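Notes follow once the structure below has been shown.
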Amino acid sequence: MKLKISAVLAAGAATAAIAVAVGSPPTAAAIPPVAGAPPSGPCALRGIADNVGESAATPAGFARSSGTVKALTLFVDFPDAHATVSPQARFDEFFPAATEFFRISSYGRLSYRPAPLLRWIRMPRPLTAYAIKRGDAFDPASDTGYHALSRDLVRAVDASVDFRKYDVINVLATPNAGPSATRTVLSVTFSGGDMGLRTADGVPFRNASFIWSRQTGESAYRVLNHENAHNFGLPDLYYTDGRSAPPAAGHWDLMDEDWGPDNDFLGWHKWKLGWLAADQVHCTPRHGTAAEHTLTPVSTPGGTKIVVVPTSPRSALVVEARTRGPLDPTVCRPGVLVYRVATEVASGHGPLRVVDATPHSGGCFRRNKYVDAELTDATFRPGSTYTDPESGASVSVLHTNRNGTYRIRITPART
């Protein structure tokens, strides 16, 4: 089956500074090497099958997201934008921090190995001749844009690079090429099926992330984690359709806000990426009986991570516990997070939305302009109940255990 090509833009702040402050995520405790598992069972909802999306199963053509992932990392500059830093300095802006982020977030189930070709590859044409702009597609019929840039890049390295060895491709442009991220965020990923460009090794050029300019904040490297997550099949949670609306997930997931302080992936995404073992996901099919569950916070290895409550063949409520942790330093209201997943809603159109337990409160984390504050206190605390108005499914937070786990009661959907 031929897949559509995802041209998914980086989640980026409208305000991003020229200077980058890159740091490594805090270290975590030793992570047991327990194998994850691909989603399966009645709660592994189907949906979009030809693009990035929230469907539990990721279509063929995308990169693997667990085990060892090898990332070819290339460095490009242009006749009208010569590199002003060394390739090693540009590489160090992202690594080893991005690798460590994936290790911690995946509980050790993703070993991400960047393979840099440490030289600047001068493109044969000026950057202005490629006419790169936000939202560009990968168009084989055009002599400008990303296809033309990638074609020239492949020609430059094909003799020395065996593309068959790599799962993803990172193209790091010299930071002075194109507009500053304070004006527009160009970083983009093209993932999934054949994009109409093949290498001399006989493999398609695909699952490629292009990183431009520099993000801002304490963990600016995470634009690469966000972009590579598109290569793994995850959609954008921020709105790309031009609507003016509050954030869908805010700082609870890297696919919405990837700037400012660290933030982890949601449990549904960890399941989709194969980072959870089968017994870490509880499923409560429709018309079942109410039952209690114990949730271990997402930031802590082991234990039950999510409870999935289907509300239709293509939608579900997902419940998880979030507390402050190595990748969740901004959590100011520890508790139980509830969100809606819609597997037939396109990337950038709100396929996942967090339920706000304290609407219009203004949030509890207001110390960083790159964190949208309103959803920071979205978690439900012991003694509270949320009932989905459409399906009748409900989530009651019973109490917090001494070991930091949360006891909840789930009533499945009636309709």
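All residue names refer to the structure tokens as shown: chains lettered A, B, ... in order, residues numbered from 1 in each chain, ligands numbered from 1 in order.
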
DSSP on the backbone: which residues in region 237-390 of chain A end up as helix (DSSP H, G or I)? Give the answer as number ranges by chain. A: 250-252, 267-272, 278-280, 373-377

Atoms to include: C-alpha atoms. Write the selected residues as a short mmCIF file (atom, residue, chain, number, x, y, z; two decimals), in the first residue's frame.
data_model
loop_
_atom_site.label_atom_id
_atom_site.label_comp_id
_atom_site.auth_asym_id
_atom_site.auth_seq_id
_atom_site.Cartn_x
_atom_site.Cartn_y
_atom_site.Cartn_z
CA GLY A 250 0.01 21.87 26.29
CA HIS A 251 3.19 20.88 28.11
CA TRP A 252 1.95 17.35 28.82
CA GLY A 267 1.34 7.28 27.95
CA TRP A 268 -0.72 6.64 24.80
CA HIS A 269 2.24 7.71 22.71
CA LYS A 270 4.59 5.51 24.73
CA TRP A 271 2.28 2.56 24.05
CA LYS A 272 2.07 3.42 20.36
CA ALA A 278 1.58 -5.54 27.56
CA ASP A 279 0.77 -5.67 31.29
CA GLN A 280 1.38 -1.93 31.64
CA ALA A 373 0.00 27.80 31.83
CA GLU A 374 -3.71 26.99 31.55
CA LEU A 375 -3.36 23.21 31.28
CA THR A 376 -0.57 22.85 33.86
CA ASP A 377 -3.15 22.11 36.58
#

If we count only C-alpha atoms, what is near Asp328 (chain A) at a cut-off of 10 Å, once residues fewer than 4 positions away on the same chain are taken out, given as JSON, numbers by chain? {"A": [25, 26, 251, 252, 253, 261, 262, 263, 264, 265, 298, 299, 322, 323, 324, 332]}

Restricting the output to N, CA and C atoms, write the selected residues as a PDB file, in the first residue's frame.
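Contents of selection.pdb, freshly written:
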ATOM      1  N   PRO A  25      18.897  16.142  29.720  1.00  0.00           N
ATOM      2  CA  PRO A  25      17.838  15.907  30.693  1.00  0.00           C
ATOM      3  C   PRO A  25      18.407  15.278  31.948  1.00  0.00           C
ATOM      4  N   PRO A  26      17.757  15.493  33.079  1.00  0.00           N
ATOM      5  CA  PRO A  26      18.266  14.909  34.321  1.00  0.00           C
ATOM      6  C   PRO A  26      18.358  13.393  34.210  1.00  0.00           C
ATOM      7  N   HIS A 251       1.865  21.392  27.772  1.00  0.00           N
ATOM      8  CA  HIS A 251       3.188  20.884  28.109  1.00  0.00           C
ATOM      9  C   HIS A 251       3.159  19.444  28.611  1.00  0.00           C
ATOM     10  N   TRP A 252       2.044  18.755  28.408  1.00  0.00           N
ATOM     11  CA  TRP A 252       1.954  17.350  28.815  1.00  0.00           C
ATOM     12  C   TRP A 252       2.529  16.418  27.771  1.00  0.00           C
ATOM     13  N   ASP A 253       2.856  16.931  26.586  1.00  0.00           N
ATOM     14  CA  ASP A 253       3.424  16.066  25.548  1.00  0.00           C
ATOM     15  C   ASP A 253       4.290  16.885  24.610  1.00  0.00           C
ATOM     16  N   PRO A 261      11.149  24.273  29.189  1.00  0.00           N
ATOM     17  CA  PRO A 261      11.588  23.175  30.057  1.00  0.00           C
ATOM     18  C   PRO A 261      11.239  21.813  29.467  1.00  0.00           C
ATOM     19  N   ASP A 262      11.902  20.785  29.980  1.00  0.00           N
ATOM     20  CA  ASP A 262      11.619  19.415  29.540  1.00  0.00           C
ATOM     21  C   ASP A 262      10.151  19.055  29.732  1.00  0.00           C
ATOM     22  N   ASN A 263       9.658  18.167  28.903  1.00  0.00           N
ATOM     23  CA  ASN A 263       8.371  17.507  29.139  1.00  0.00           C
ATOM     24  C   ASN A 263       8.378  16.150  28.448  1.00  0.00           C
ATOM     25  N   ASP A 264       7.668  15.203  29.032  1.00  0.00           N
ATOM     26  CA  ASP A 264       7.676  13.824  28.572  1.00  0.00           C
ATOM     27  C   ASP A 264       6.562  13.597  27.550  1.00  0.00           C
ATOM     28  N   PHE A 265       6.534  12.394  26.971  1.00  0.00           N
ATOM     29  CA  PHE A 265       5.433  11.972  26.114  1.00  0.00           C
ATOM     30  C   PHE A 265       4.286  11.448  26.972  1.00  0.00           C
ATOM     31  N   VAL A 298       3.926   8.141  35.002  1.00  0.00           N
ATOM     32  CA  VAL A 298       4.644   7.961  33.745  1.00  0.00           C
ATOM     33  C   VAL A 298       6.142   8.136  33.937  1.00  0.00           C
ATOM     34  N   SER A 299       6.541   9.001  34.844  1.00  0.00           N
ATOM     35  CA  SER A 299       7.964   9.278  35.043  1.00  0.00           C
ATOM     36  C   SER A 299       8.703   8.181  35.798  1.00  0.00           C
ATOM     37  N   ARG A 322       0.565  11.574  36.437  1.00  0.00           N
ATOM     38  CA  ARG A 322       1.726  12.421  36.145  1.00  0.00           C
ATOM     39  C   ARG A 322       2.186  13.119  37.418  1.00  0.00           C
ATOM     40  N   THR A 323       3.446  12.980  37.710  1.00  0.00           N
ATOM     41  CA  THR A 323       4.074  13.666  38.826  1.00  0.00           C
ATOM     42  C   THR A 323       5.410  14.220  38.345  1.00  0.00           C
ATOM     43  N   ARG A 324       6.035  15.031  39.173  1.00  0.00           N
ATOM     44  CA  ARG A 324       7.316  15.605  38.797  1.00  0.00           C
ATOM     45  C   ARG A 324       8.345  14.494  38.662  1.00  0.00           C
ATOM     46  N   CYS A 332       3.287  20.826  38.497  1.00  0.00           N
ATOM     47  CA  CYS A 332       3.037  21.575  39.729  1.00  0.00           C
ATOM     48  C   CYS A 332       1.781  21.091  40.443  1.00  0.00           C
TER      49      CYS A 332
END

Using only C-alpha atoms: which of A:Ile121, A:Ala321, A:Ala63, A:Leu398 has the shortest distance to Pro79 (chain A):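 Selected residue with least distance to Pro79 (chain A): A:Ile121.
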
Nearest candidate to Pro87 (chain A) (options A:Thr68, A:Leu110, A:Leu172, A:Asn51; using only C-alpha atoms): A:Leu172

Find the spatial neighbours of Val309 (chain A), counting only C-alpha atoms, within a cut-off of 12 Å - ignore same-chain residues fewer than 5 positions away - and output them as a PyMOL selection string. chain A and resi 42-45+268+281-291+314-320+338-341+387-388+391-395+409-415

Residues at most 7 Å from Phe210 (chain A), counting only C-alpha atoms, excluding those fewer than 4 positions away in the same chain, as a PyMOL selection string? chain A and resi 170-172+187-189

Distance query Gly383 (chain A) at most 12 Å, only C-alpha atoms, self and fewer than 4 positions along chain excluded, as a PyMOL selection string: chain A and resi 335-336+395-400+406-409

May I have the residues from that selection written out with N, CA, C and O atoms, as a JSON list (two decimals), in the first residue's frame?
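And here's again.json as it stands now:
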[["chain", "number", "residue", "atom", "x", "y", "z"],
["A", 335, "GLY", "N", -1.09, 14.37, 39.83],
["A", 335, "GLY", "CA", -2.41, 13.76, 39.86],
["A", 335, "GLY", "C", -2.66, 12.87, 38.67],
["A", 335, "GLY", "O", -1.72, 12.35, 38.05],
["A", 336, "VAL", "N", -3.91, 12.70, 38.34],
["A", 336, "VAL", "CA", -4.34, 11.81, 37.27],
["A", 336, "VAL", "C", -4.78, 12.65, 36.07],
["A", 336, "VAL", "O", -5.65, 13.51, 36.18],
["A", 395, "VAL", "N", -14.18, 8.47, 35.39],
["A", 395, "VAL", "CA", -12.90, 8.21, 36.06],
["A", 395, "VAL", "C", -12.97, 8.86, 37.43],
["A", 395, "VAL", "O", -13.17, 10.07, 37.54],
["A", 396, "SER", "N", -12.82, 8.07, 38.47],
["A", 396, "SER", "CA", -12.79, 8.59, 39.84],
["A", 396, "SER", "C", -11.41, 8.35, 40.43],
["A", 396, "SER", "O", -10.88, 7.23, 40.37],
["A", 397, "VAL", "N", -10.81, 9.39, 40.97],
["A", 397, "VAL", "CA", -9.52, 9.26, 41.64],
["A", 397, "VAL", "C", -9.80, 9.00, 43.11],
["A", 397, "VAL", "O", -10.34, 9.85, 43.81],
["A", 398, "LEU", "N", -9.46, 7.81, 43.58],
["A", 398, "LEU", "CA", -9.80, 7.39, 44.94],
["A", 398, "LEU", "C", -8.80, 7.91, 45.97],
["A", 398, "LEU", "O", -9.17, 8.58, 46.93],
["A", 399, "HIS", "N", -7.51, 7.59, 45.78],
["A", 399, "HIS", "CA", -6.53, 8.07, 46.74],
["A", 399, "HIS", "C", -5.12, 7.88, 46.18],
["A", 399, "HIS", "O", -4.91, 7.18, 45.18],
["A", 400, "THR", "N", -4.17, 8.53, 46.82],
["A", 400, "THR", "CA", -2.76, 8.37, 46.50],
["A", 400, "THR", "C", -2.13, 7.42, 47.50],
["A", 400, "THR", "O", -2.28, 7.60, 48.71],
["A", 406, "TYR", "N", -1.39, 5.86, 42.21],
["A", 406, "TYR", "CA", -2.74, 6.39, 42.35],
["A", 406, "TYR", "C", -3.76, 5.27, 42.14],
["A", 406, "TYR", "O", -3.66, 4.51, 41.18],
["A", 407, "ARG", "N", -4.72, 5.21, 43.04],
["A", 407, "ARG", "CA", -5.82, 4.24, 42.91],
["A", 407, "ARG", "C", -7.00, 4.95, 42.28],
["A", 407, "ARG", "O", -7.44, 6.00, 42.76],
["A", 408, "ILE", "N", -7.49, 4.39, 41.18],
["A", 408, "ILE", "CA", -8.61, 5.00, 40.46],
["A", 408, "ILE", "C", -9.71, 3.96, 40.22],
["A", 408, "ILE", "O", -9.47, 2.76, 40.29],
["A", 409, "ARG", "N", -10.88, 4.44, 39.94],
["A", 409, "ARG", "CA", -12.01, 3.58, 39.59],
["A", 409, "ARG", "C", -12.55, 4.04, 38.24],
["A", 409, "ARG", "O", -12.85, 5.22, 38.06]]

DSSP-assigned strand (DSSP E or B) among region 132-204 of chain A, expressed as a list in words: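 Listing strand (DSSP E or B) positions across region 132-204 of chain A yields Val168, Ile169, Asn170, Val171, Leu172, Ala173, Val188, Thr189, Phe190, Ser191, Gly192, Arg198 and Pro204 of chain A.
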
Name the closest residue to Asp241 (chain A) among the candidates A:Ser150, A:Thr128, A:Asn228, A:Ser347; distances are taken between atoms, counting only C-alpha atoms.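 Smallest separation from Asp241 (chain A) among the options: A:Ser347.
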
Between A:Gln88, A:Ser180, A:Ser65, A:Ser191, which one has atoms that come closest to Gly108 (chain A), using only C-alpha atoms?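 Under the stated criterion, the closest residue is A:Ser65.
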
When you count only C-alpha atoms, which of these residues is closest to Val355 (chain A): A:Val85, A:Ala248, A:Leu72, A:Ile132? A:Ala248

Between CA of Asp236 (chain A) and CA of Gly303 (chain A), what is the spacing in Å?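 Interatomic distance here is 27.6 Å.
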
Atom-to-atom span, CA of Pro96 (chain A) and CA of Met255 (chain A), Å: 20.4 Å

In Å, rounded to a single decimal, give me how far CA of Thr300 (chain A) is from CA of Pro382 (chain A).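 A separation of 19.5 Å between them.
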
Nearest to Ala173 (chain A), chosen from A:Ile104, A:Leu149, A:Ala49, A:Ile211, with only C-alpha atoms counted in the distances: A:Ile211

Just the residues within 12 Å of Asp143 (chain A), please, counting only C-alpha atoms, with nothing from its chain fewer than 3 positions along; format it as number ranges by chain. A: 125, 129-132, 138-140, 146-152

Within 8 Å of region 158-164 of chain A, counting only C-alpha atoms, which residues qualify if same-chain residues fewer than 4 places away don't, as a CSV table (one decimal) with all heavy atoms, in the first residue's frame?
chain,number,residue,atom,x,y,z
A,154,VAL,N,21.7,14.1,-1.6
A,154,VAL,CA,21.9,12.7,-1.8
A,154,VAL,C,23.1,12.6,-2.9
A,154,VAL,O,24.0,11.7,-2.7
A,154,VAL,CB,20.7,12.0,-2.3
A,154,VAL,CG1,21.0,10.6,-2.9
A,154,VAL,CG2,19.7,11.9,-1.2
A,199,THR,N,18.2,6.5,-3.4
A,199,THR,CA,19.6,6.6,-3.3
A,199,THR,C,20.3,5.5,-4.2
A,199,THR,O,19.6,4.6,-4.7
A,199,THR,CB,20.1,6.4,-1.8
A,199,THR,OG1,19.9,5.0,-1.5
A,199,THR,CG2,19.3,7.3,-0.9
A,200,ALA,N,21.6,5.7,-4.3
A,200,ALA,CA,22.3,4.7,-5.1
A,200,ALA,C,22.3,3.3,-4.5
A,200,ALA,O,22.6,2.3,-5.2
A,200,ALA,CB,23.8,5.2,-5.3
A,201,ASP,N,22.0,3.2,-3.2
A,201,ASP,CA,21.9,1.9,-2.5
A,201,ASP,C,20.6,1.2,-2.8
A,201,ASP,O,20.4,0.1,-2.4
A,201,ASP,CB,22.1,2.1,-1.0
A,201,ASP,CG,23.3,2.9,-0.7
A,201,ASP,OD1,24.4,2.5,-1.1
A,201,ASP,OD2,23.2,4.0,0.0
A,203,VAL,N,17.6,2.2,-1.8
A,203,VAL,CA,16.6,2.5,-0.8
A,203,VAL,C,16.0,3.9,-1.0
A,203,VAL,O,16.7,4.8,-1.4
A,203,VAL,CB,17.1,2.3,0.6
A,203,VAL,CG1,17.6,0.9,0.8
A,203,VAL,CG2,18.3,3.3,0.9
